[in-house]
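Peer 1: This is the content of entry12.cif (mmCIF, C-alpha atoms):
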```cif
data_coords
loop_
_atom_site.label_atom_id
_atom_site.label_comp_id
_atom_site.auth_asym_id
_atom_site.auth_seq_id
_atom_site.Cartn_x
_atom_site.Cartn_y
_atom_site.Cartn_z
CA MET A 75 0.00 0.00 0.00
CA ILE A 76 2.84 2.37 0.85
CA LEU A 77 4.57 1.44 -2.39
CA PHE A 78 1.36 2.07 -4.31
CA LEU A 79 0.92 5.51 -2.78
CA ALA A 80 4.56 6.38 -3.40
CA SER A 81 4.27 5.46 -7.04
CA ARG A 82 1.36 7.80 -7.65
CA PRO A 83 2.18 11.34 -8.79
CA VAL A 84 1.56 13.99 -6.17
CA VAL A 85 -1.22 16.28 -7.33
CA PRO A 86 -1.33 19.62 -5.50
CA THR A 87 -4.63 20.69 -4.09
CA VAL A 88 -5.96 23.62 -6.02
CA ARG A 89 -8.73 25.78 -4.66
CA ARG A 90 -10.84 27.59 -7.16
CA THR A 91 -12.60 30.86 -6.94
CA ARG A 92 -16.24 31.30 -7.72
CA SER A 93 -15.40 32.20 -11.25
CA GLY A 94 -13.71 28.86 -11.67
CA ALA A 95 -10.14 30.21 -11.85
CA ALA A 96 -7.51 28.18 -10.08
CA ARG A 97 -5.91 29.76 -6.99
CA GLY A 98 -2.29 28.95 -6.38
CA ALA A 99 -1.92 27.05 -9.64
CA ALA A 100 1.49 27.22 -11.27
CA PRO A 101 1.64 29.13 -14.59
CA SER A 102 1.44 26.96 -17.66
CA THR A 103 4.78 26.13 -19.26
CA VAL A 104 3.32 24.86 -22.53
CA PRO A 105 4.64 27.13 -25.31
CA ALA A 106 2.15 28.74 -27.66
CA PRO A 107 2.00 26.99 -31.01
CA ARG A 108 4.12 28.64 -33.67
CA PRO A 109 2.37 29.83 -36.78
CA PRO A 110 3.16 27.58 -39.74
CA ARG A 111 5.96 28.78 -41.95
CA ARG A 112 4.82 30.11 -45.27
CA PRO A 113 6.65 28.62 -48.26
CA LEU A 114 9.10 31.07 -49.82
CA LEU A 115 7.36 31.11 -53.20
CA ALA A 116 3.84 31.34 -51.75
CA PRO A 117 3.38 35.01 -52.84
CA TYR A 118 3.57 33.91 -56.49
CA ARG A 119 0.51 31.66 -56.31
CA PRO A 120 -2.09 34.46 -56.06
CA LEU A 121 -0.66 36.05 -59.21
CA PHE A 122 -1.97 33.24 -61.36
CA ALA A 123 -5.25 32.95 -59.50
CA ALA A 124 -6.43 35.99 -61.45
CA PRO A 125 -8.52 34.88 -64.45
CA GLY A 126 -6.47 34.79 -67.63
CA ALA A 127 -3.10 35.51 -65.97
CA LEU A 128 -1.57 32.12 -66.73
CA ALA A 129 -2.91 32.19 -70.29
CA PHE A 130 -1.32 35.50 -71.29
CA THR A 131 1.94 34.60 -69.52
CA LEU A 132 2.32 31.32 -71.43
CA ALA A 133 1.19 32.88 -74.70
CA ALA A 134 3.87 35.57 -74.50
CA LEU A 135 6.63 33.15 -73.48
CA ALA A 136 7.25 31.77 -76.98
CA GLY A 137 7.46 35.25 -78.44
CA ARG A 138 9.82 36.46 -75.72
CA VAL A 139 12.22 33.55 -76.29
CA ALA A 140 12.09 34.38 -80.00
CA GLY A 141 12.96 38.00 -79.31
CA ALA A 142 16.08 36.87 -77.46
CA MET A 143 17.04 34.69 -80.46
CA LEU A 144 16.90 37.40 -83.12
CA GLY A 145 20.22 39.19 -82.57
CA VAL A 146 22.37 36.06 -82.40
CA SER A 147 20.49 34.44 -85.30
CA ILE A 148 21.11 37.38 -87.62
CA VAL A 149 24.79 37.76 -86.69
CA VAL A 150 25.63 34.05 -86.99
CA MET A 151 23.61 33.64 -90.20
CA ILE A 152 25.22 36.53 -92.05
CA ALA A 153 28.70 35.83 -90.70
CA THR A 154 28.47 32.19 -91.80
CA VAL A 155 26.97 32.75 -95.26
CA ARG A 156 28.77 35.99 -96.17
CA ASP A 157 31.95 35.28 -94.14
CA SER A 158 31.93 38.77 -92.66
CA TYR A 159 31.42 39.59 -89.01
CA ALA A 160 31.71 43.27 -89.89
CA LEU A 161 28.69 43.07 -92.19
CA ALA A 162 26.79 40.96 -89.67
CA GLY A 163 27.47 43.44 -86.88
CA ALA A 164 26.52 46.42 -89.03
CA VAL A 165 23.21 44.84 -90.07
CA SER A 166 22.44 43.95 -86.45
CA ALA A 167 23.30 47.50 -85.34
CA THR A 168 20.95 48.89 -88.00
CA GLY A 169 18.09 46.83 -86.64
CA LEU A 170 18.86 47.99 -83.11
CA ALA A 171 18.91 51.64 -84.19
CA VAL A 172 15.50 51.28 -85.85
CA THR A 173 14.15 49.56 -82.74
CA ALA A 174 15.37 52.47 -80.60
CA VAL A 175 13.24 54.82 -82.69
CA THR A 176 10.16 52.70 -83.35
CA GLY A 177 9.90 50.99 -79.95
CA PRO A 178 8.63 53.98 -77.94
CA LEU A 179 6.39 55.04 -80.84
CA LEU A 180 4.78 51.61 -80.96
CA GLY A 181 4.43 51.74 -77.19
CA ARG A 182 2.45 54.96 -77.51
CA LEU A 183 0.22 53.40 -80.16
CA VAL A 184 -0.38 50.40 -77.89
CA ASP A 185 -1.46 52.73 -75.08
CA ARG A 186 -3.77 54.64 -77.39
CA HIS A 187 -5.33 51.84 -79.47
CA GLY A 188 -4.86 48.68 -77.42
CA GLN A 189 -2.35 45.84 -77.51
CA ALA A 190 -4.06 43.58 -80.04
CA ARG A 191 -4.84 46.32 -82.58
CA VAL A 192 -1.17 47.34 -82.74
CA ALA A 193 0.67 44.07 -82.09
CA VAL A 194 -1.03 42.02 -84.81
CA PRO A 195 -0.29 44.32 -87.80
CA ALA A 196 3.18 45.08 -86.43
CA VAL A 197 4.13 41.41 -86.20
CA ALA A 198 2.81 40.90 -89.74
CA VAL A 199 5.24 43.58 -90.97
CA PHE A 200 8.00 41.86 -89.01
CA ALA A 201 7.17 38.54 -90.65
CA LEU A 202 7.49 40.10 -94.11
CA GLY A 203 10.82 41.68 -93.21
CA ALA A 204 12.19 38.48 -91.69
CA THR A 205 11.13 36.47 -94.74
CA ALA A 206 12.79 38.99 -97.02
CA THR A 207 15.98 38.78 -94.95
CA LEU A 208 16.06 34.99 -95.24
CA LEU A 209 15.56 35.14 -99.00
CA CYS A 210 18.23 37.82 -99.44
CA VAL A 211 20.78 35.81 -97.47
CA HIS A 212 19.94 32.53 -99.17
CA TYR A 213 20.06 33.90 -102.71
CA GLY A 214 23.01 36.25 -102.26
CA ALA A 215 21.30 39.63 -102.58
CA PRO A 216 23.46 42.79 -102.35
CA ALA A 217 24.51 43.94 -98.91
CA TRP A 218 22.31 47.03 -99.04
CA ALA A 219 19.24 44.78 -99.26
CA LEU A 220 20.14 43.25 -95.89
CA PHE A 221 20.15 46.68 -94.28
CA VAL A 222 16.74 47.48 -95.76
CA CYS A 223 15.30 44.18 -94.55
CA ALA A 224 16.79 44.66 -91.07
CA ALA A 225 15.16 48.07 -90.82
CA GLY A 226 11.82 46.70 -92.00
CA SER A 227 11.73 43.83 -89.52
CA SER A 228 12.72 45.76 -86.40
CA GLY A 229 9.43 47.43 -85.47
CA VAL A 230 7.91 44.84 -83.13
CA PRO A 231 6.03 45.80 -79.95
CA SER A 232 7.75 44.59 -76.79
CA LEU A 233 5.93 41.56 -75.40
CA GLY A 234 7.76 42.04 -72.11
CA SER A 235 6.38 45.57 -71.76
CA MET A 236 2.87 44.51 -72.71
CA THR A 237 2.96 41.62 -70.24
CA ARG A 238 4.06 43.93 -67.44
CA ALA A 239 1.30 46.35 -68.39
CA ARG A 240 -1.23 43.54 -68.01
CA TRP A 241 0.07 42.69 -64.54
CA ALA A 242 -0.19 46.36 -63.59
CA SER A 243 -3.78 46.44 -64.83
CA VAL A 244 -4.82 43.16 -63.16
CA HIS A 245 -3.29 44.20 -59.80
CA ARG A 246 -3.77 47.94 -60.05
CA ASP A 247 -4.84 48.19 -56.39
CA ASP A 248 -2.26 45.83 -54.89
CA ALA A 249 1.29 47.20 -54.68
CA ALA A 250 2.66 43.98 -53.13
CA ALA A 251 1.26 41.88 -55.99
CA ARG A 252 2.78 44.27 -58.53
CA HIS A 253 6.16 43.92 -56.82
CA THR A 254 5.91 40.14 -57.00
CA ALA A 255 4.79 40.31 -60.64
CA ASN A 256 7.77 42.52 -61.54
CA SER A 257 10.05 39.99 -59.87
CA PHE A 258 8.48 37.13 -61.78
CA GLU A 259 8.84 39.02 -65.05
CA GLN A 260 12.51 39.65 -64.38
CA VAL A 261 13.03 35.92 -63.87
CA VAL A 262 11.24 35.24 -67.16
CA ASP A 263 13.50 37.76 -68.89
CA GLU A 264 16.59 36.03 -67.53
CA VAL A 265 15.36 32.61 -68.63
CA CYS A 266 14.53 33.87 -72.11
CA PHE A 267 17.86 35.65 -72.58
CA MET A 268 19.64 32.53 -71.35
CA ALA A 269 17.73 30.04 -73.52
CA GLY A 270 17.16 32.17 -76.64
CA PRO A 271 20.75 32.80 -77.77
CA ALA A 272 21.76 29.21 -76.96
CA LEU A 273 18.88 27.84 -79.04
CA ALA A 274 19.72 30.21 -81.90
CA MET A 275 23.36 29.16 -81.88
CA VAL A 276 22.46 25.45 -82.00
CA LEU A 277 20.01 25.94 -84.86
CA CYS A 278 22.38 28.10 -86.93
CA THR A 279 25.38 25.82 -86.49
CA ALA A 280 23.88 22.33 -86.26
CA VAL A 281 20.97 22.63 -88.72
CA PHE A 282 21.62 25.36 -91.32
CA PRO A 283 22.56 29.05 -91.04
CA GLU A 284 19.04 30.36 -91.68
CA ALA A 285 17.37 28.00 -89.19
CA GLY A 286 17.77 30.32 -86.21
CA LEU A 287 16.04 33.33 -87.78
CA ALA A 288 13.34 31.16 -89.40
CA THR A 289 12.49 29.51 -86.07
CA ALA A 290 12.57 32.82 -84.20
CA ALA A 291 10.22 34.41 -86.75
CA VAL A 292 7.69 31.59 -86.45
CA LEU A 293 7.80 31.63 -82.64
CA LEU A 294 7.46 35.42 -82.50
CA VAL A 295 4.46 35.48 -84.84
CA VAL A 296 2.69 32.61 -83.08
CA GLY A 297 3.45 33.94 -79.60
CA THR A 298 2.27 37.46 -80.45
CA LEU A 299 -0.97 36.21 -82.03
CA LEU A 300 -1.72 33.97 -79.05
CA PHE A 301 -0.97 36.82 -76.67
CA ALA A 302 -3.18 39.24 -78.59
CA ALA A 303 -6.02 36.70 -78.49
CA GLN A 304 -6.15 36.95 -74.67
CA ARG A 305 -8.54 39.90 -74.70
CA ARG A 306 -10.07 39.72 -71.22
CA THR A 307 -6.80 40.73 -69.52
CA GLU A 308 -5.87 43.40 -72.08
CA PRO A 309 -5.67 46.88 -70.54
CA PRO A 310 -8.27 49.19 -72.05
CA PRO A 311 -6.97 51.68 -74.61
CA GLN A 312 -6.56 55.22 -73.37
CA PRO A 313 -8.18 58.30 -74.93
CA ARG A 314 -6.11 60.28 -77.40
CA THR A 315 -6.04 63.23 -74.99
CA ALA A 316 -4.45 61.05 -72.30
CA THR A 317 -1.72 59.71 -74.61
CA ALA A 318 -1.03 62.98 -76.40
CA GLY A 319 1.95 65.17 -75.66
CA GLY A 320 5.68 64.65 -75.51
CA SER A 321 7.76 61.68 -74.47
CA PRO A 322 7.53 60.28 -70.93
CA LEU A 323 11.20 61.25 -70.71
CA ARG A 324 10.00 64.73 -69.84
CA SER A 325 9.75 63.39 -66.31
CA PRO A 326 13.11 64.10 -64.57
CA GLY A 327 12.73 60.98 -62.45
CA LEU A 328 12.11 58.72 -65.43
CA ARG A 329 15.17 60.15 -67.18
CA ILE A 330 17.28 59.08 -64.19
CA VAL A 331 15.95 55.52 -64.38
CA VAL A 332 16.48 55.28 -68.15
CA ILE A 333 20.05 56.60 -67.89
CA THR A 334 20.74 54.08 -65.13
CA PHE A 335 19.24 51.33 -67.30
CA LEU A 336 21.47 52.44 -70.16
CA ALA A 337 24.55 51.88 -68.00
CA THR A 338 23.05 48.65 -66.59
CA GLY A 339 22.58 47.35 -70.13
CA ALA A 340 26.24 48.12 -70.75
CA VAL A 341 27.02 45.93 -67.73
CA PHE A 342 25.08 43.04 -69.26
CA GLY A 343 26.57 43.39 -72.75
CA SER A 344 30.17 43.83 -71.59
CA MET A 345 29.90 41.04 -69.00
CA GLU A 346 29.00 38.51 -71.68
CA VAL A 347 31.91 39.46 -73.96
CA ALA A 348 34.37 39.65 -71.07
CA THR A 349 33.30 36.24 -69.76
CA VAL A 350 33.66 34.54 -73.14
CA ALA A 351 37.11 36.07 -73.57
CA ALA A 352 38.17 35.10 -70.05
CA VAL A 353 37.05 31.48 -70.36
CA GLU A 354 38.80 31.18 -73.73
CA SER A 355 42.00 32.58 -72.20
CA TYR A 356 41.83 29.77 -69.63
CA GLY A 357 41.80 27.27 -72.51
CA GLN A 358 38.20 26.17 -71.90
CA GLY A 359 36.24 28.11 -74.50
CA SER A 360 33.64 25.35 -74.83
CA ALA A 361 32.56 25.99 -71.22
CA SER A 362 31.72 29.67 -71.77
CA SER A 363 27.98 29.02 -72.19
CA ALA A 364 27.81 27.04 -68.95
CA VAL A 365 29.76 29.70 -67.06
CA LEU A 366 27.51 32.45 -68.42
CA ALA A 367 24.47 30.44 -67.39
CA LEU A 368 25.62 30.73 -63.77
CA GLN A 369 25.23 34.50 -63.91
CA ALA A 370 21.67 34.16 -65.19
CA THR A 371 20.96 31.48 -62.58
CA GLY A 372 22.10 33.79 -59.81
CA SER A 373 19.85 36.54 -61.14
CA CYS A 374 16.87 34.16 -61.36
CA ALA A 375 17.38 32.94 -57.79
CA ALA A 376 17.72 36.46 -56.42
CA GLY A 377 14.69 37.63 -58.38
CA LEU A 378 12.47 34.87 -57.00
CA VAL A 379 13.57 35.54 -53.42
CA PHE A 380 13.32 39.32 -53.78
CA GLY A 381 9.78 39.04 -55.13
CA ALA A 382 8.70 36.78 -52.27
CA LEU A 383 9.95 39.14 -49.57
CA PRO A 384 7.73 41.91 -48.16
CA VAL A 385 8.29 45.34 -49.68
CA ARG A 386 10.36 47.42 -47.26
CA GLY A 387 11.67 50.97 -47.49
CA SER A 388 11.09 53.46 -50.26
CA ALA A 389 11.28 52.53 -53.94
CA VAL A 390 14.20 54.91 -54.46
CA THR A 391 16.16 53.38 -51.58
CA ARG A 392 15.65 49.86 -52.92
CA PHE A 393 16.77 51.00 -56.37
CA LEU A 394 19.92 52.66 -55.02
CA ALA A 395 20.73 49.62 -52.90
CA GLY A 396 20.40 47.34 -55.91
CA VAL A 397 22.65 49.48 -58.12
CA ALA A 398 25.24 49.77 -55.33
CA ALA A 399 25.21 46.00 -54.77
CA MET A 400 25.66 45.43 -58.50
CA ALA A 401 28.65 47.80 -58.62
CA VAL A 402 30.30 46.10 -55.61
CA ALA A 403 29.56 42.52 -56.73
CA ILE A 404 31.31 43.00 -60.09
CA LEU A 405 34.63 44.13 -58.62
CA PRO A 406 35.78 40.65 -57.45
CA LEU A 407 35.57 39.45 -61.06
CA LEU A 408 38.76 41.42 -61.71
CA THR A 409 40.59 38.98 -59.43
CA ALA A 410 39.42 35.74 -61.12
CA THR A 411 42.28 33.46 -62.15
CA GLY A 412 40.41 30.50 -63.62
CA PRO A 413 37.00 28.87 -64.11
CA ALA A 414 36.97 27.60 -60.52
CA THR A 415 37.07 31.14 -59.14
CA LEU A 416 35.19 32.83 -61.97
CA ALA A 417 32.05 30.65 -61.79
CA PRO A 418 31.00 31.43 -58.19
CA LEU A 419 31.90 35.10 -58.61
CA LEU A 420 29.63 35.31 -61.65
CA PHE A 421 26.81 33.68 -59.70
CA VAL A 422 27.15 36.30 -56.96
CA ALA A 423 27.38 39.13 -59.50
CA GLY A 424 24.21 37.89 -61.16
CA MET A 425 22.35 37.97 -57.86
CA ALA A 426 22.70 41.76 -57.70
CA THR A 427 21.20 42.49 -61.12
CA ALA A 428 17.65 41.20 -60.60
CA PRO A 429 16.79 43.42 -57.59
CA THR A 430 18.12 46.41 -59.54
CA MET A 431 15.90 45.71 -62.53
CA ILE A 432 12.85 44.87 -60.41
CA SER A 433 13.14 48.08 -58.39
CA GLY A 434 13.74 50.06 -61.56
CA MET A 435 10.58 48.71 -63.19
CA THR A 436 8.64 49.57 -60.04
CA LEU A 437 9.87 53.16 -60.34
CA ILE A 438 8.85 53.28 -63.99
CA HIS A 439 5.33 52.17 -63.06
CA ARG A 440 5.10 54.94 -60.50
CA LEU A 441 6.72 57.65 -62.63
CA THR A 442 4.74 57.00 -65.81
CA PRO A 443 1.09 58.02 -66.13
CA PRO A 444 -1.14 54.92 -66.47
CA ALA A 445 -2.21 56.10 -69.92
CA ARG A 446 1.44 56.02 -71.11
CA LEU A 447 2.66 52.89 -69.32
CA ASN A 448 3.57 50.84 -72.41
CA GLU A 449 5.45 53.78 -73.88
CA GLY A 450 7.34 54.39 -70.64
CA MET A 451 8.38 50.76 -70.23
CA THR A 452 9.33 50.43 -73.89
CA THR A 453 11.48 53.55 -73.59
CA ALA A 454 13.29 51.98 -70.62
CA TYR A 455 13.77 48.72 -72.52
CA THR A 456 15.17 50.64 -75.47
CA GLY A 457 17.76 52.25 -73.22
CA LEU A 458 18.65 48.82 -71.89
CA LEU A 459 19.11 47.40 -75.42
CA ILE A 460 21.26 50.32 -76.52
CA GLY A 461 23.38 49.84 -73.41
CA ILE A 462 23.81 46.12 -74.14
CA SER A 463 25.08 46.86 -77.64
CA ALA A 464 27.41 49.63 -76.46
CA GLY A 465 28.71 47.50 -73.59
CA ALA A 466 29.49 44.57 -75.89
CA ALA A 467 31.42 46.89 -78.21
CA ALA A 468 33.33 48.44 -75.28
CA ALA A 469 34.28 45.05 -73.85
CA GLY A 470 35.39 43.85 -77.29
CA TRP A 471 37.66 46.88 -77.68
CA THR A 472 39.04 46.34 -74.17
CA VAL A 473 39.84 42.69 -74.80
CA ASP A 474 41.44 43.41 -78.18
CA HIS A 475 43.66 46.21 -76.90
CA LEU A 476 44.32 45.30 -73.26
CA GLY A 477 43.90 41.53 -73.22
CA ALA A 478 41.33 39.12 -71.81
CA GLY A 479 42.52 39.75 -68.27
CA ALA A 480 41.31 43.34 -68.46
CA GLY A 481 37.92 42.47 -69.94
CA TYR A 482 36.01 42.90 -66.67
CA THR A 483 37.10 46.53 -66.38
CA ALA A 484 34.34 47.32 -68.90
CA PRO A 485 31.40 45.99 -66.79
CA ALA A 486 33.02 47.39 -63.63
CA THR A 487 33.19 50.84 -65.23
CA ALA A 488 29.61 50.58 -66.53
CA ALA A 489 28.35 49.57 -63.07
CA ALA A 490 30.16 52.52 -61.52
CA LEU A 491 28.48 54.83 -64.04
CA ALA A 492 25.10 53.29 -63.20
CA LEU A 493 25.69 53.96 -59.51
CA LEU A 494 26.79 57.52 -60.25
CA ALA A 495 23.66 58.16 -62.31
CA ALA A 496 21.32 56.69 -59.69
CA ALA A 497 23.00 58.36 -56.70
CA SER A 498 23.31 61.79 -58.30
CA GLY A 499 19.69 61.69 -59.45
CA SER A 500 18.17 60.27 -56.26
CA GLY A 501 16.95 63.70 -55.20
CA ARG A 502 15.09 64.22 -58.46
CA LEU A 503 13.68 60.71 -58.18
CA ARG A 504 12.29 61.40 -54.72
CA ARG A 505 10.82 64.74 -55.80
CA SER A 506 9.20 63.13 -58.84
CA LEU A 507 7.62 60.56 -56.53
CA GLY A 508 6.47 63.18 -54.04
CA GLY A 509 9.24 62.43 -51.56
CA ALA A 510 8.76 58.62 -51.50
#
```
If you convert what's in this file into structure tokens, what do you get?
Peer 2:
Amino acid sequence: MILFLASRPVVPTVRRTRSGAARGAAPSTVPAPRPPRRPLLAPYRPLFAAPGALAFTLAALAGRVAGAMLGVSIVVMIATVRDSYALAGAVSATGLAVTAVTGPLLGRLVDRHGQARVAVPAVAVFALGATATLLCVHYGAPAWALFVCAAGSSGVPSLGSMTRARWASVHRDDAAARHTANSFEQVVDEVCFMAGPALAMVLCTAVFPEAGLATAAVLLVVGTLLFAAQRRTEPPPQPRTATAGGSPLRSPGLRIVVITFLATGAVFGSMEVATVAAVESYGQGSASSAVLALQATGSCAAGLVFGALPVRGSAVTRFLAGVAAMAVAILPLLTATGPATLAPLLFVAGMATAPTMISGMTLIHRLTPPARLNEGMTTAYTGLLIGISAGAAAAGWTVDHLGAGAGYTAPATAAALALLAAASGSGRLRRSLGGA
């Protein structure tokens, strides 16, 4: 009996008040249950819950990959058939110059008349120009004909800008959703610009020289038509009075963003040339594509994480932080001595570019009137494309004259210029945003 009583747990006597509360009871030591952790990518799920969001995203994907294929396809095709990189580069530069002029104009027409009414006839003109280019190359037409065809096939509305405009329209009242959508779009851009040139190179070298441009033309036409067919998510056209007037670049804040994007594009273009030259100098030229893919992978990873995080601080502060991180992350590339050190440094450098672009697109949304959104974004994209071309040329000159080891001075200089532009214009940016 004593053993039985000793084995029983001692239960203290607790007297209760009239209300039923225990008097003299020890406080509970059971911890409160923790709220379940939300998956990192959970903020992306509501984006595609909106009716039609997944449809227009997938429809535009083919066309966006095709857009990333065009430049490489034209250069490799002409260089292979005509045995002249100078002619190929000049024709490609002509197309880029025409795009710089027509892109913002087409963006204004899209704002005024609607995406489908402008994109469909514009892509038809592109198809005619691309077909003429293929025929001229195949049948040995004079060089001047290639320049004419390049000019005629360069006026294509930006599917990336139109997709972002749809996200802005679908989530017009949700700033957090727009931030996540901008992050997702940046990841899509990185994937397209990683897959597009590689696909073009394989088609032009393994199939026949014209295969890259022919495939890109088909994908761009099909993707644009499918995208235009998604009418329920298309932003409504704006009245002529709302889209009239001068360029969105009249906004001092938008000019700062575009100038920064111009230098950021130079970072992208020069980084690619410098990386190819560096890997070849290590005696492993065949690995250049894989090494370059690490930079894009780092940008994709950072973009996904950045879009899933809550929006903190002002838009200008986030933009400045991204540009500063990009400028700092590129500097260690100057110390690379081989693929083993270059690969992780490129991954880290790529991680700084996505937040910069995402924050920049957020500023463009806020600085551009809703009635001119396509024009504003297309103008920013045009600055980025011009910067890419200029950066590639600068890095090529640097490698030719100073050697492959000095190639990364070009992207480092471009990143420093981007930081200078963003920092010196931060006051105008804040004033344009009303102090935000």
Peer 1: If we count all atoms listed in the file and set the cut-off at 8 Å, which residues sit around Thr427 in chain A, ignoring sequence neighbours fewer than 3 positions away in its own chain? Please answer as a list in words.
Peer 2: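 Those residues are Ser373, Gly396, Val397, Met400, Ala423, Gly424, Thr430 and Met431 of chain A.
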Peer 1: Using the chain letters and numbers from the file, give me the residues hit by the PyMOL selection byres ((chain A and resi 268) around 9), as a list in words.
Peer 2: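 Selected by the PyMOL selection byres ((chain A and resi 268) around 9) in this file: Val139, Ala142, Asp263, Glu264, Val265, Cys266, Phe267, Ala269, Gly270, Pro271, Ala272, Leu366, Ala367, Ala370 and Thr371 of chain A.
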Peer 1: On this structure, which residues satisfy the PyMOL selection byres ((chain A and resi 454) around 12), written as a VMD selection string?
Peer 2: chain A and resid 174 177 to 178 181 232 234 to 235 321 to 323 328 to 339 431 434 to 439 441 to 442 447 to 453 455 to 461
Peer 1: Mind telling me what the PyMOL selection byres ((chain A and resi 353) around 10) catches here, as a list in words?
Peer 2: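 What the PyMOL selection byres ((chain A and resi 353) around 10) grabs from the file is Ala348, Thr349, Val350, Ala351, Ala352, Glu354, Ser355, Tyr356, Gly357, Gln358, Gly359, Ser360, Ala361, Ser362, Ser363, Val365, Leu366, Thr411, Gly412, Pro413, Leu416, Ala417 and Ala478 of chain A.
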Peer 1: So for range 466-480 of chain A, what box centre and size do we get, axis-aligned, 4 Å extra on each of the six sides, every listed atom, Å to one decimal, as JSON?
Peer 2:
```
{"center_x": 36.9, "center_y": 43.8, "center_z": -73.2, "size_x": 22.8, "size_y": 17.3, "size_z": 17.9}
```
Peer 1: Which of these, A:Pro406, A:Gly470, A:Pro429, A:Pro283, has the shortest distance to Leu383 in chain A once you count only C-alpha atoms?
Peer 2: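 Of the candidates, the smallest distance to Leu383 in chain A is held by A:Pro429.
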Peer 1: Write out as a list in words the residues lying within 9 Å of Ala480 in chain A, counting all atoms listed in the file and excluding same-chain residues fewer than 3 positions away.
Peer 2: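 Here the answer would be Ala348, Ala352, Leu408, Thr472, Val473, Leu476, Gly477, Thr483 and Ala484 of chain A.
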Peer 1: Can you tell me which residues surround range 160-168 of chain A at a distance of at most 9 Å, considering only C-alpha atoms, apart from same-chain residues fewer than 4 positions away, and format the answer as a list in words?
Peer 2: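 Result of the neighbour search: Gly145, Val146, Ile148, Val149, Val150, Met151, Ile152, Ala153, Arg156, Val172, Thr173, Ala217, Leu220, Phe221, Val222, Ala224, Ala225, Ser228 and Ser463 of chain A.
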Peer 1: Rounded to one decimal place, report the CA of Phe130 in chain A-CA of Asp185 in chain A distance in Å.
Peer 2: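 Spanning CA of Phe130 in chain A to CA of Asp185 in chain A is a straight-line distance of 17.6 Å.
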Peer 1: Write out as JSON, numbers by chain which residues come within 12 Å of range 287-291 of chain A when counting all atoms listed in the file, dropping same-chain ones fewer than 4 positions away.
Peer 2: {"A": [136, 137, 138, 139, 140, 141, 142, 143, 144, 145, 146, 147, 148, 149, 150, 151, 152, 197, 198, 199, 200, 201, 202, 203, 204, 205, 206, 207, 208, 209, 211, 212, 224, 227, 228, 230, 270, 271, 273, 274, 275, 276, 277, 278, 281, 282, 283, 295, 296, 297, 298]}
Peer 1: Atoms to include: C-alpha atoms. Write the selected residues as a CSV table (one decimal), in the coordinates of the input.
Peer 2:
```
chain,number,residue,atom,x,y,z
A,136,ALA,CA,7.2,31.8,-77.0
A,137,GLY,CA,7.5,35.2,-78.4
A,138,ARG,CA,9.8,36.5,-75.7
A,139,VAL,CA,12.2,33.6,-76.3
A,140,ALA,CA,12.1,34.4,-80.0
A,141,GLY,CA,13.0,38.0,-79.3
A,142,ALA,CA,16.1,36.9,-77.5
A,143,MET,CA,17.0,34.7,-80.5
A,144,LEU,CA,16.9,37.4,-83.1
A,145,GLY,CA,20.2,39.2,-82.6
A,146,VAL,CA,22.4,36.1,-82.4
A,147,SER,CA,20.5,34.4,-85.3
A,148,ILE,CA,21.1,37.4,-87.6
A,149,VAL,CA,24.8,37.8,-86.7
A,150,VAL,CA,25.6,34.0,-87.0
A,151,MET,CA,23.6,33.6,-90.2
A,152,ILE,CA,25.2,36.5,-92.0
A,197,VAL,CA,4.1,41.4,-86.2
A,198,ALA,CA,2.8,40.9,-89.7
A,199,VAL,CA,5.2,43.6,-91.0
A,200,PHE,CA,8.0,41.9,-89.0
A,201,ALA,CA,7.2,38.5,-90.6
A,202,LEU,CA,7.5,40.1,-94.1
A,203,GLY,CA,10.8,41.7,-93.2
A,204,ALA,CA,12.2,38.5,-91.7
A,205,THR,CA,11.1,36.5,-94.7
A,206,ALA,CA,12.8,39.0,-97.0
A,207,THR,CA,16.0,38.8,-95.0
A,208,LEU,CA,16.1,35.0,-95.2
A,209,LEU,CA,15.6,35.1,-99.0
A,211,VAL,CA,20.8,35.8,-97.5
A,212,HIS,CA,19.9,32.5,-99.2
A,224,ALA,CA,16.8,44.7,-91.1
A,227,SER,CA,11.7,43.8,-89.5
A,228,SER,CA,12.7,45.8,-86.4
A,230,VAL,CA,7.9,44.8,-83.1
A,270,GLY,CA,17.2,32.2,-76.6
A,271,PRO,CA,20.8,32.8,-77.8
A,273,LEU,CA,18.9,27.8,-79.0
A,274,ALA,CA,19.7,30.2,-81.9
A,275,MET,CA,23.4,29.2,-81.9
A,276,VAL,CA,22.5,25.4,-82.0
A,277,LEU,CA,20.0,25.9,-84.9
A,278,CYS,CA,22.4,28.1,-86.9
A,281,VAL,CA,21.0,22.6,-88.7
A,282,PHE,CA,21.6,25.4,-91.3
A,283,PRO,CA,22.6,29.0,-91.0
A,295,VAL,CA,4.5,35.5,-84.8
A,296,VAL,CA,2.7,32.6,-83.1
A,297,GLY,CA,3.4,33.9,-79.6
A,298,THR,CA,2.3,37.5,-80.4
```
Peer 1: Using all atoms listed in the file, which residue out of A:Ala495, A:Ala486, A:Ala410, A:Ala251 lies closest to Phe393 in chain A?
Peer 2: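 Closest candidate: A:Ala495.
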